[in-house]
$ cat my_file.csv   # CSV, C-alpha atoms and all ligand atoms
chain,number,residue,atom,x,y,z
A,241,MET,CA,-11.1,3.5,-9.2
A,242,ASP,CA,-11.0,0.0,-10.8
A,243,LEU,CA,-7.8,-1.9,-10.5
A,244,SER,CA,-9.2,-5.3,-11.6
A,245,SER,CA,-7.4,-5.1,-15.0
A,246,ILE,CA,-3.9,-5.3,-13.3
A,247,PRO,CA,-2.7,-8.9,-13.8
A,248,PRO,CA,-1.8,-10.8,-10.6
A,249,GLU,CA,1.9,-11.4,-10.2
A,250,THR,CA,3.1,-15.0,-10.8
A,251,ALA,CA,6.1,-16.7,-9.1
A,252,ALA,CA,7.9,-16.9,-12.4
A,253,ASN,CA,8.0,-13.2,-13.2
A,254,ALA,CA,7.7,-11.6,-9.7
A,255,SER,CA,9.8,-8.5,-9.3
A,256,LEU,CA,10.5,-6.1,-6.4
A,257,SER,CA,11.4,-2.4,-6.2
A,258,VAL,CA,13.0,-0.9,-3.1
A,259,VAL,CA,12.3,2.8,-2.8
A,260,LEU,CA,14.7,4.9,-0.7
A,261,PRO,CA,13.9,8.6,-0.2
A,262,VAL,CA,17.1,10.3,0.9
A,263,LEU,CA,18.1,13.8,2.1
A,264,ASN,CA,21.8,14.0,2.8
A,265,GLU,CA,22.2,10.3,3.8
A,266,ALA,CA,25.4,9.6,1.8
A,267,PRO,CA,27.3,8.0,4.8
A,268,ALA,CA,24.3,5.9,5.7
A,269,LEU,CA,23.7,4.8,2.1
A,270,ALA,CA,27.4,3.6,1.8
A,271,THR,CA,26.5,1.0,4.4
A,272,LEU,CA,22.8,0.4,3.5
A,273,LEU,CA,23.2,-0.2,-0.3
A,274,PRO,CA,25.6,-3.2,0.0
A,275,ALA,CA,23.4,-4.7,2.7
A,276,LEU,CA,20.4,-4.4,0.5
A,277,ALA,CA,22.2,-6.0,-2.5
A,278,GLN,CA,23.2,-8.9,-0.2
A,279,VAL,CA,19.7,-9.5,1.1
A,280,LEU,CA,17.8,-9.0,-2.2
A,281,GLY,CA,20.0,-11.5,-4.1
A,282,PRO,CA,18.7,-14.7,-2.4
A,283,CYS,CA,15.0,-13.4,-2.2
A,284,GLY,CA,14.2,-15.2,-5.5
A,285,VAL,CA,12.7,-12.1,-7.2
A,286,ALA,CA,14.1,-9.8,-9.9
A,287,TRP,CA,14.7,-6.5,-8.1
A,288,GLU,CA,15.8,-2.9,-8.5
A,289,ILE,CA,16.7,-0.1,-6.0
A,290,VAL,CA,15.1,3.3,-6.6
A,291,ILE,CA,16.9,6.1,-4.8
A,292,VAL,CA,15.0,9.4,-4.7
A,293,ASP,CA,17.4,12.2,-3.9
A,294,ASP,CA,15.2,14.8,-2.2
A,295,GLY,CA,17.6,17.7,-2.7
A,296,SER,CA,20.7,16.3,-1.1
A,297,THR,CA,23.8,18.5,-1.1
A,298,ASP,CA,26.3,15.8,0.1
A,299,THR,CA,28.4,13.2,-1.6
A,300,LEU,CA,25.4,11.0,-2.8
A,301,PRO,CA,26.5,10.9,-6.5
A,302,GLN,CA,30.0,9.6,-5.4
A,303,VAL,CA,28.5,7.0,-3.0
A,304,VAL,CA,26.2,5.7,-5.7
A,305,ALA,CA,29.0,5.7,-8.3
A,306,ALA,CA,31.3,3.7,-6.0
A,307,PHE,CA,28.5,1.2,-5.2
A,308,GLU,CA,27.8,0.7,-8.9
A,309,ARG,CA,31.5,0.1,-9.6
A,310,GLN,CA,31.7,-2.5,-6.8
A,311,HIS,CA,28.4,-4.2,-8.0
A,312,ALA,CA,28.7,-4.3,-11.8
A,313,GLY,CA,25.3,-4.5,-13.5
A,314,ILE,CA,23.3,-3.6,-10.4
A,315,SER,CA,19.7,-2.8,-11.1
A,316,MET,CA,19.1,0.7,-9.9
A,317,GLN,CA,17.4,4.0,-10.7
A,318,VAL,CA,18.4,7.3,-9.2
A,319,LEU,CA,15.9,10.2,-9.3
A,320,HIS,CA,17.3,13.6,-8.5
A,321,LEU,CA,14.5,16.0,-7.5
A,322,SER,CA,15.1,19.7,-8.3
A,323,ARG,CA,15.1,20.6,-4.6
A,324,ASN,CA,13.9,19.3,-1.2
A,325,PHE,CA,10.2,18.6,-1.6
A,326,GLY,CA,9.8,16.5,1.6
A,327,LYS,CA,9.8,12.8,2.3
A,328,GLU,CA,6.1,12.3,1.3
A,329,ALA,CA,6.7,13.8,-2.2
A,330,ALA,CA,10.0,11.9,-2.5
A,331,LEU,CA,8.2,8.6,-1.7
A,332,THR,CA,5.5,9.4,-4.2
A,333,ALA,CA,8.1,10.1,-6.9
A,334,GLY,CA,9.7,6.7,-6.0
A,335,LEU,CA,6.4,4.9,-6.2
A,336,ALA,CA,5.7,6.4,-9.7
A,337,ALA,CA,9.2,5.4,-10.9
A,338,ALA,CA,9.2,1.8,-9.4
A,339,ARG,CA,8.6,-1.0,-11.9
A,340,GLY,CA,8.3,-4.0,-9.6
A,341,ASP,CA,5.2,-6.1,-9.0
A,342,ALA,CA,5.7,-5.1,-5.4
A,343,VAL,CA,7.3,-2.1,-3.9
A,344,VAL,CA,9.0,-1.7,-0.5
A,345,CYS,CA,9.5,1.8,0.9
A,346,MET,CA,12.2,2.2,3.5
A,347,ASP,CA,14.3,5.0,5.0
A,348,GLY,CA,17.8,5.6,3.6
A,349,ASP,CA,19.3,6.1,7.1
A,350,GLY,CA,19.6,2.4,7.9
A,351,GLN,CA,16.9,2.5,10.6
A,352,HIS,CA,14.8,0.0,8.7
A,353,PRO,CA,16.6,-3.3,8.7
A,354,PRO,CA,17.1,-4.8,5.2
A,355,ALA,CA,17.1,-8.3,6.9
A,356,LEU,CA,13.3,-8.0,7.2
A,357,LEU,CA,12.8,-7.9,3.4
A,358,PRO,CA,12.6,-11.7,2.9
A,359,THR,CA,9.9,-11.8,5.5
A,360,LEU,CA,7.9,-9.0,3.8
A,361,VAL,CA,8.3,-10.8,0.4
A,362,ALA,CA,7.2,-14.1,1.9
A,363,HIS,CA,4.0,-12.6,3.2
A,364,TRP,CA,3.4,-11.0,-0.2
A,365,ARG,CA,3.8,-14.3,-1.8
A,366,ASP,CA,1.3,-15.8,0.6
A,367,GLY,CA,-1.3,-13.3,-0.7
A,368,ALA,CA,-0.9,-10.1,1.4
A,369,GLN,CA,-1.3,-7.0,-0.6
A,370,MET,CA,0.2,-4.7,2.0
A,371,VAL,CA,2.8,-5.9,4.5
A,372,ILE,CA,3.4,-3.3,7.2
A,373,ALA,CA,6.7,-3.4,9.2
A,374,MET,CA,5.5,-2.3,12.6
A,375,GLN,CA,8.1,-0.8,15.0
A,376,ARG,CA,8.0,-2.9,18.1
A,377,SER,CA,10.0,-0.8,20.6
A,378,ARG,CA,10.5,2.9,20.5
A,379,ALA,CA,13.7,2.7,22.5
A,380,HIS,CA,15.5,5.2,20.2
A,381,GLU,CA,12.8,7.9,20.7
A,382,GLN,CA,12.7,10.3,23.6
A,383,ARG,CA,9.8,9.7,26.0
A,384,TRP,CA,8.0,12.9,25.3
A,385,THR,CA,8.1,12.1,21.5
A,386,SER,CA,6.4,8.7,22.1
A,387,CYS,CA,3.8,10.4,24.3
A,388,ALA,CA,3.0,13.1,21.8
A,389,LYS,CA,2.7,10.5,19.0
A,390,GLY,CA,0.4,8.4,21.1
A,391,LEU,CA,-1.8,11.5,21.8
A,392,PHE,CA,-1.8,12.4,18.1
A,393,TYR,CA,-3.0,8.9,17.0
A,394,ARG,CA,-5.8,9.0,19.6
A,395,LEU,CA,-6.9,12.4,18.3
A,396,LEU,CA,-6.9,11.0,14.7
A,397,GLN,CA,-8.9,7.9,15.4
A,398,GLY,CA,-12.5,7.3,16.3
A,399,GLY,CA,-15.6,7.0,14.2
A,400,GLU,CA,-13.7,6.4,10.9
A,401,ARG,CA,-14.2,3.3,8.8
A,402,PHE,CA,-10.5,2.7,8.7
A,403,ARG,CA,-7.8,2.8,11.4
A,404,ILE,CA,-4.4,4.4,11.2
A,405,PRO,CA,-2.2,2.0,13.2
A,406,ALA,CA,0.0,3.9,15.7
A,407,GLY,CA,3.3,2.2,15.2
A,408,ALA,CA,3.1,1.9,11.4
A,409,GLY,CA,5.4,4.1,9.4
A,410,ASP,CA,6.5,4.2,5.8
A,411,PHE,CA,8.4,0.9,6.0
A,412,ARG,CA,6.1,-1.5,4.2
A,413,LEU,CA,5.7,-3.6,1.1
A,414,MET,CA,2.9,-2.8,-1.3
A,415,ASP,CA,1.5,-4.9,-4.1
A,416,ARG,CA,1.3,-3.3,-7.6
A,417,ARG,CA,-2.4,-2.8,-7.1
A,418,VAL,CA,-1.9,-0.8,-3.9
A,419,VAL,CA,0.8,1.3,-5.6
A,420,GLN,CA,-1.4,2.1,-8.6
A,421,ALA,CA,-4.2,3.0,-6.2
A,422,MET,CA,-1.9,5.2,-4.2
A,423,LEU,CA,-0.7,7.0,-7.3
A,424,GLN,CA,-4.3,7.8,-8.3
A,425,LEU,CA,-4.7,9.7,-5.0
A,426,SER,CA,-3.9,13.2,-6.4
A,427,GLU,CA,-4.0,15.3,-3.2
A,428,ARG,CA,-1.0,17.5,-2.5
A,429,ALA,CA,-1.4,17.3,1.3
A,430,ARG,CA,0.0,13.8,1.5
A,431,PHE,CA,-0.2,12.3,5.0
A,432,MET,CA,1.1,9.0,3.8
A,433,LYS,CA,0.3,6.9,6.8
A,434,GLY,CA,-3.3,8.0,6.5
A,435,LEU,CA,-3.5,7.4,2.8
A,436,TYR,CA,-2.2,3.8,3.1
A,437,ALA,CA,-4.8,3.1,5.8
A,438,TRP,CA,-7.6,4.8,3.7
A,439,LEU,CA,-6.7,2.5,0.7
A,440,GLY,CA,-7.4,-0.7,2.7
A,441,PHE,CA,-6.4,-4.0,0.9
A,442,ARG,CA,-5.4,-7.3,2.5
A,443,THR,CA,-2.9,-6.2,5.2
A,444,VAL,CA,-0.4,-8.2,7.3
A,445,THR,CA,1.7,-6.7,10.1
A,446,VAL,CA,5.3,-7.8,10.9
A,447,PRO,CA,7.0,-6.4,14.0
A,448,TYR,CA,10.6,-5.2,13.9
A,449,ASP,CA,13.1,-3.3,16.1
A,450,ALA,CA,14.4,-0.1,14.6
A,451,ALA,CA,18.1,0.2,14.5
A,452,PRO,CA,19.9,3.5,15.4
A,453,ARG,CA,20.7,5.8,12.4
A,454,CYS,CA,23.9,4.7,10.6
A,455,ALA,CA,25.0,8.3,10.5
A,456,GLY,CA,23.7,11.9,10.6
A,457,ALA,CA,20.7,13.4,12.4
A,458,SER,CA,16.9,13.1,12.0
A,459,LYS,CA,15.5,15.3,9.2
A,460,PHE,CA,12.3,15.8,11.2
A,461,PRO,CA,12.8,18.5,13.8
A,462,LEU,CA,9.9,19.4,16.2
A,463,CYS,CA,8.5,22.1,13.9
A,464,ARG,CA,8.3,19.6,11.0
A,465,LEU,CA,6.7,17.0,13.2
A,466,LEU,CA,4.1,19.5,14.3
A,467,GLU,CA,3.4,20.5,10.7
A,468,LEU,CA,3.0,16.8,9.8
A,469,ALA,CA,0.6,16.3,12.8
A,470,SER,CA,-1.5,19.3,11.6
A,471,LEU,CA,-1.5,17.9,8.1
A,472,GLY,CA,-2.6,14.5,9.4
A,473,ILE,CA,-5.4,15.9,11.5
A,474,THR,CA,-6.8,18.3,8.9
A,475,SER,CA,-6.6,15.9,6.0
A,476,PHE,CA,-8.2,13.0,7.9
A,477,SER,CA,-10.4,14.4,10.5
A,478,MET,CA,-13.2,17.0,10.7
A,479,LYS,CA,-13.2,16.8,14.5
A,480,PRO,CA,-11.4,20.2,15.0
A,481,LEU,CA,-14.1,21.9,12.9
A,482,ARG,CA,-16.9,20.2,14.9
A,483,MET,CA,-15.1,21.2,18.1
A,484,VAL,CA,-15.2,24.8,17.0
A,485,SER,CA,-19.0,24.6,16.5
A,486,ALA,CA,-19.3,22.8,19.9
A,487,ILE,CA,-17.3,25.6,21.7
A,488,GLY,CA,-19.4,28.3,20.0
A,489,GLY,CA,-22.6,26.5,21.1
A,490,ALA,CA,-21.4,26.0,24.7
A,491,ILE,CA,-20.4,29.7,25.0
A,492,SER,CA,-23.7,30.9,23.6
A,493,LEU,CA,-25.6,28.8,26.1
A,494,CYS,CA,-23.5,30.2,29.0
A,495,ALA,CA,-24.1,33.7,27.7
A,496,VAL,CA,-27.9,33.2,27.5
A,497,GLY,CA,-27.9,31.7,31.0
A,498,TYR,CA,-25.8,34.5,32.4
A,499,GLY,CA,-28.0,37.1,30.7
A,500,ILE,CA,-31.1,35.7,32.3
A,501,TYR,CA,-29.4,35.6,35.7
A,502,ILE,CA,-28.4,39.3,35.4
A,503,ALA,CA,-32.0,40.3,34.3
A,504,ILE,CA,-33.6,38.4,37.2
A,505,ASP,CA,-31.0,39.8,39.6
A,506,ALA,CA,-31.7,43.4,38.5
A,507,LEU,CA,-35.5,43.2,37.9
A,508,VAL,CA,-36.7,40.8,40.6
A,509,VAL,CA,-34.0,41.0,43.4
A,510,GLY,CA,-33.4,44.7,42.7
A,511,ASN,CA,-29.5,44.6,42.7
A,512,PRO,CA,-27.9,47.3,40.5
A,513,VAL,CA,-26.2,46.0,37.4
A,514,SER,CA,-22.5,46.1,38.0
A,515,GLY,CA,-19.3,44.3,37.1
A,516,TRP,CA,-17.4,46.0,34.2
A,517,ALA,CA,-14.4,43.9,35.3
A,518,THR,CA,-16.3,40.7,34.5
A,519,LEU,CA,-17.3,42.2,31.2
A,520,ALA,CA,-13.7,43.1,30.3
A,521,SER,CA,-12.2,39.8,31.2
A,522,GLY,CA,-15.2,37.9,29.5
A,523,MET,CA,-14.6,39.9,26.3
A,524,MET,CA,-10.9,39.1,26.3
A,525,LEU,CA,-11.6,35.4,26.9
A,526,LEU,CA,-14.2,35.4,24.0
A,527,SER,CA,-11.8,37.2,21.6
A,528,GLY,CA,-9.1,34.6,22.4
A,529,ILE,CA,-11.5,31.7,21.8
A,530,GLN,CA,-12.7,33.4,18.5
A,531,LEU,CA,-9.2,33.8,17.2
A,532,LEU,CA,-8.3,30.2,18.2
A,533,CYS,CA,-11.4,29.0,16.3
A,534,LEU,CA,-10.5,31.2,13.3
A,535,GLY,CA,-7.0,29.6,13.4
A,536,VAL,CA,-8.5,26.1,13.2
A,537,ILE,CA,-10.7,27.1,10.2
A,538,ALA,CA,-7.7,28.9,8.6
A,539,GLU,CA,-5.7,25.7,8.8
A,540,TYR,CA,-8.2,23.9,6.7
A,541,LEU,CA,-8.5,26.8,4.4
A,542,GLY,CA,-4.8,26.8,3.9
A,543,TYR,CA,-4.8,23.2,2.8
A,544,ILE,CA,-7.7,23.9,0.4
A,545,PHE,CA,-5.7,26.8,-1.1
A,546,GLU,CA,-2.7,24.4,-1.6
A,547,GLU,CA,-4.9,21.9,-3.4
A,548,THR,CA,-6.5,24.5,-5.7
A,549,LYS,CA,-3.1,25.5,-7.0
A,550,GLN,CA,-2.7,22.1,-8.7
A,551,ARG,CA,1.1,22.3,-8.7
A,552,PRO,CA,2.9,19.0,-9.3
A,553,LEU,CA,4.0,17.3,-6.1
A,554,TYR,CA,7.7,17.3,-7.1
A,555,VAL,CA,10.0,18.2,-10.0
A,556,ILE,CA,12.5,15.6,-11.3
A,557,ASP,CA,15.7,17.2,-12.4
A,558,GLU,CA,17.6,14.1,-13.6
A,559,VAL,CA,17.0,10.4,-13.8
A,560,ILE,CA,19.8,7.8,-14.0
A,561,ASP,CA,18.2,4.6,-15.0
A,562,HIS,CA,20.3,1.4,-14.7
A,563,SER,CA,17.3,-0.8,-13.8
A,564,THR,CA,17.0,-4.2,-15.4
A,565,LEU,CA,13.2,-4.4,-14.7
A,566,GLY,CA,11.0,-3.8,-17.7
A,567,ARG,CA,9.4,-0.4,-18.1
A,568,ARG,CA,5.8,-0.3,-17.0
A,569,ALA,CA,3.0,1.2,-19.2
A,570,ALA,CA,1.8,4.5,-17.7
A,571,ALA,CA,-1.1,3.9,-15.3
A,601,LIG,N1,13.8,12.4,4.1
A,601,LIG,C1,13.6,12.9,2.8
A,601,LIG,N2,13.2,14.2,2.7
A,601,LIG,C2,13.0,15.0,3.8
A,601,LIG,C3,13.2,14.5,5.1
A,601,LIG,C4,13.6,13.2,5.2
A,601,LIG,O1,13.8,12.2,1.8
A,601,LIG,O2,12.6,16.2,3.6
A,601,LIG,C5,14.3,11.0,4.2
A,601,LIG,C6,15.5,10.8,5.1
A,601,LIG,O3,16.7,11.1,4.3
A,601,LIG,C7,15.4,9.4,5.5
A,601,LIG,C8,13.9,9.2,5.7
A,601,LIG,O4,13.3,10.3,4.9
A,601,LIG,O5,15.9,8.5,4.5
A,601,LIG,C9,13.4,9.3,7.1
A,601,LIG,O6,13.9,10.5,7.7
A,601,LIG,P1,14.5,10.6,9.2
A,601,LIG,O7,15.4,9.4,9.4
A,601,LIG,O8,15.1,11.9,9.3
A,601,LIG,O9,13.2,10.5,10.0
A,601,LIG,P2,13.0,9.8,11.5
A,601,LIG,O10,13.6,8.4,11.4
A,601,LIG,O11,13.8,10.7,12.4
A,601,LIG,O12,11.6,9.8,11.7
A,602,MG,MG,15.3,7.8,10.6
$ encode --input "my_file.csv" --output "structure tokens" --more "lines below"
Ligand code: UDP
Ligand code: MG
Amino acid sequence: MDLSSIPPETAANASLSVVLPVLNEAPALATLLPALAQVLGPCGVAWEIVIVDDGSTDTLPQVVAAFERQHAGISMQVLHLSRNFGKEAALTAGLAAARGDAVVCMDGDGQHPPALLPTLVAHWRDGAQMVIAMQRSRAHEQRWTSCAKGLFYRLLQGGERFRIPAGAGDFRLMDRRVVQAMLQLSERARFMKGLYAWLGFRTVTVPYDAAPRCAGASKFPLCRLLELASLGITSFSMKPLRMVSAIGGAISLCAVGYGIYIAIDALVVGNPVSGWATLASGMMLLSGIQLLCLGVIAEYLGYIFEETKQRPLYVIDEVIDHSTLGRRAAA
């Protein structure tokens, strides 16, 4: 893809979009939206807030309406997706709708501090195309979650031409070029942290301390995290497939060695061939390993199946557009 035709942003016309994917975050948004408006005002850029409602069933419309009443003329878009498509799809919808020269993605639960936005914008102005807000401490996470995440990133790395930083999440600023490049990645299985890293671009990292949630509970229970981990590994690493081949090779070698041992034991030493118990347990072990390997291959096959269906990533039910930023020509 060639992005060289996108004009560079100039100080006079710089604009910023803040994308918030939300699933039942109305109480948190009631606190976050005024805080954002307060921080964005003095940033020295034209701005808009893009809320992507990922199938919320709470009082989001009322919270947004009350915010708009209190801040007359606020620059904002609200995209209502037709159902819950997942955070990755909601973020992609927000990136496609955003009109700013730079786009900041942040969570709608208040864990990403709006006070960091001026720092992100300052780095962008200094020439960074991607400014990653990197979580400094994981004090709000349980110990086992931090360990599991550390293990996951170690599995994911190694041998690639790009690195997926362990502490980096979706909280980041992206230049228009990065956003356009991101939107051209058409895969359905969107492991966003991997996609950002794959894109590259001039990147700067800014540390921050995550705040506790303003309200509500995490929308990522253990099963969803495991699903995301599987997506991350299958879409960015061939290691599990290579491991399947390695396991197959190792077992075949052991089998040949054991066969030779039995033959020598029977023909040369003269011991009678015995050991049906060894045979039975060996067969059970091998069946287990075979099914495990089939499971790994099926995981990849499942993602290929998803990709071949070519369904859209999300469906937008309704757009409320009160943004003052100029509409962008379609990429
Ligand atoms: N989210 C979303 N769709 C989902 C799950 C989460 O839009 O299917 C949003 C959620 O409302 C929040 C952000 O993604 O604004 C991060 O979610 P959460 O805070 O639950 O994740 P955690 O901080 O626990 O990793
Ligand atoms: Mg959160």
$ residues_near_ligand --input "my_file.csv" --ligand "ligand LIG 601 (chain A)" --cutoff "6 Å" --atoms "all atoms listed in the file" --output "PyMOL selection string"
chain A and resi 261-263+265+294+324+326-327+330+347-349+458-460
$ residues_around --input "my_file.csv" --residues "A:Thr299" --least-positions-apart "3" --cutoff "12 Å" --atoms "all atoms listed in the file" --output "VMD selection string"
chain A and resid 262 to 270 293 295 to 296 302 to 306
$ closest_residue --input "my_file.csv" --among "A:Pro353, A:Pro552, A:Gly528, A:Gly542" --to "ligand MG 602 (chain A)" --atoms "all atoms listed in the file"
A:Pro353
$ residues_around --input "my_file.csv" --residues "A:Cys283" --least-positions-apart "5" --cutoff "10 Å" --atoms "all atoms listed in the file" --output "PyMOL selection string"
chain A and resi 256+278+357-359+361-362
$ write_last_selection --input "my_file.csv" --atoms "C-alpha atoms" --output "PDB file, in the coordinates of the input"
ATOM      1  CA  LEU A 256      10.500  -6.100  -6.400  1.00  0.00           C
ATOM      2  CA  GLN A 278      23.200  -8.900  -0.200  1.00  0.00           C
ATOM      3  CA  LEU A 357      12.800  -7.900   3.400  1.00  0.00           C
ATOM      4  CA  PRO A 358      12.600 -11.700   2.900  1.00  0.00           C
ATOM      5  CA  THR A 359       9.900 -11.800   5.500  1.00  0.00           C
ATOM      6  CA  VAL A 361       8.300 -10.800   0.400  1.00  0.00           C
ATOM      7  CA  ALA A 362       7.200 -14.100   1.900  1.00  0.00           C
TER       8      ALA A 362
END
$ residues_around --input "my_file.csv" --residues "A:Ala408" --least-positions-apart "5" --cutoff "7 Å" --atoms "all atoms listed in the file" --output "list in words"
Ile372, Ala373, Met374 and Gln375 of chain A
$ closest_residue --input "my_file.csv" --among "A:Leu435, A:Val444, A:Ala451, A:Ala368" --to "ligand MG 602 (chain A)" --atoms "only C-alpha atoms and all ligand atoms"
A:Ala451
$ closest_residue --input "my_file.csv" --among "A:Ile560, A:Met346, A:Leu466, A:Val292" --to "ligand MG 602 (chain A)" --atoms "all atoms listed in the file"
A:Met346
$ atom_distance --input "my_file.csv" --atom1 "atom CA of A:Val279" --atom2 "atom CA of A:Ser255"
14.4 Å
$ residues_around --input "my_file.csv" --residues "stretch 480-487 of chain A" --least-positions-apart "4" --cutoff "10 Å" --atoms "only C-alpha atoms" --output "PyMOL selection string"
chain A and resi 395+473-474+491-493+529-530+532-534+536-537+540
$ atom_distance --input "my_file.csv" --atom1 "atom CA of A:Val555" --atom2 "atom CA of A:His320"
8.8 Å
$ atom_distance --input "my_file.csv" --atom1 "atom CA of A:Val419" --atom2 "atom CA of A:Thr445"
17.6 Å
$ closest_residue --input "my_file.csv" --among "A:Gly409, A:Gly390, A:Gly499, A:Gly515" --to "ligand MG 602 (chain A)" --atoms "only C-alpha atoms and all ligand atoms"
A:Gly409
$ closest_residue --input "my_file.csv" --among "A:Ser563, A:Ser514, A:Gln351, A:Ser315" --to "ligand MG 602 (chain A)" --atoms "all atoms listed in the file"
A:Gln351
$ closest_residue --input "my_file.csv" --among "A:Arg323, A:Glu546, A:Gly488, A:Asn253" --to "A:Leu531" --atoms "only C-alpha atoms"
A:Gly488
$ residues_around --input "my_file.csv" --residues "A:Leu413" --least-positions-apart "6" --cutoff "9 Å" --atoms "all atoms listed in the file" --output "ChimeraX atom specification"
/A:258,342-345,357,360-361,364,369-373
$ decode --input "my_file.csv" --residues "stretch 533-550 of chain A" --atoms "N, CA and C atoms" --output "tab-separated table (two decimals), in the first residue's frame"
chain	number	residue	atom	x	y	z
A	533	CYS	N	-3.04	-32.22	18.30
A	533	CYS	CA	-2.47	-31.61	17.09
A	533	CYS	C	-3.57	-31.25	16.11
A	534	LEU	N	-4.57	-32.12	15.99
A	534	LEU	CA	-5.70	-31.81	15.10
A	534	LEU	C	-6.40	-30.54	15.58
A	535	GLY	N	-6.51	-30.40	16.92
A	535	GLY	CA	-7.14	-29.21	17.50
A	535	GLY	C	-6.39	-27.95	17.11
A	536	VAL	N	-5.05	-28.02	17.15
A	536	VAL	CA	-4.24	-26.85	16.76
A	536	VAL	C	-4.50	-26.50	15.29
A	537	ILE	N	-4.51	-27.53	14.44
A	537	ILE	CA	-4.73	-27.29	13.01
A	537	ILE	C	-6.15	-26.75	12.79
A	538	ALA	N	-7.13	-27.31	13.54
A	538	ALA	CA	-8.52	-26.86	13.40
A	538	ALA	C	-8.68	-25.40	13.79
A	539	GLU	N	-7.89	-24.97	14.76
A	539	GLU	CA	-7.94	-23.56	15.19
A	539	GLU	C	-7.59	-22.65	14.00
A	540	TYR	N	-6.52	-23.01	13.29
A	540	TYR	CA	-6.12	-22.21	12.12
A	540	TYR	C	-7.19	-22.31	11.03
A	541	LEU	N	-7.70	-23.52	10.84
A	541	LEU	CA	-8.71	-23.74	9.80
A	541	LEU	C	-9.96	-22.90	10.08
A	542	GLY	N	-10.34	-22.83	11.36
A	542	GLY	CA	-11.50	-22.04	11.76
A	542	GLY	C	-11.34	-20.59	11.36
A	543	TYR	N	-10.12	-20.06	11.59
A	543	TYR	CA	-9.90	-18.65	11.22
A	543	TYR	C	-9.91	-18.46	9.70
A	544	ILE	N	-9.39	-19.47	8.98
A	544	ILE	CA	-9.43	-19.37	7.50
A	544	ILE	C	-10.89	-19.36	7.05
A	545	PHE	N	-11.72	-20.20	7.67
A	545	PHE	CA	-13.16	-20.27	7.36
A	545	PHE	C	-13.82	-18.91	7.58
A	546	GLU	N	-13.49	-18.29	8.72
A	546	GLU	CA	-14.05	-16.96	9.03
A	546	GLU	C	-13.67	-15.95	7.94
A	547	GLU	N	-12.40	-16.01	7.52
A	547	GLU	CA	-11.93	-15.04	6.51
A	547	GLU	C	-12.63	-15.25	5.17
A	548	THR	N	-12.88	-16.52	4.81
A	548	THR	CA	-13.44	-16.78	3.48
A	548	THR	C	-14.88	-16.30	3.37
A	549	LYS	N	-15.58	-16.16	4.50
A	549	LYS	CA	-16.98	-15.73	4.44
A	549	LYS	C	-17.11	-14.28	4.00
A	550	GLN	N	-16.06	-13.49	4.21
A	550	GLN	CA	-16.04	-12.11	3.73
A	550	GLN	C	-17.20	-11.26	4.25
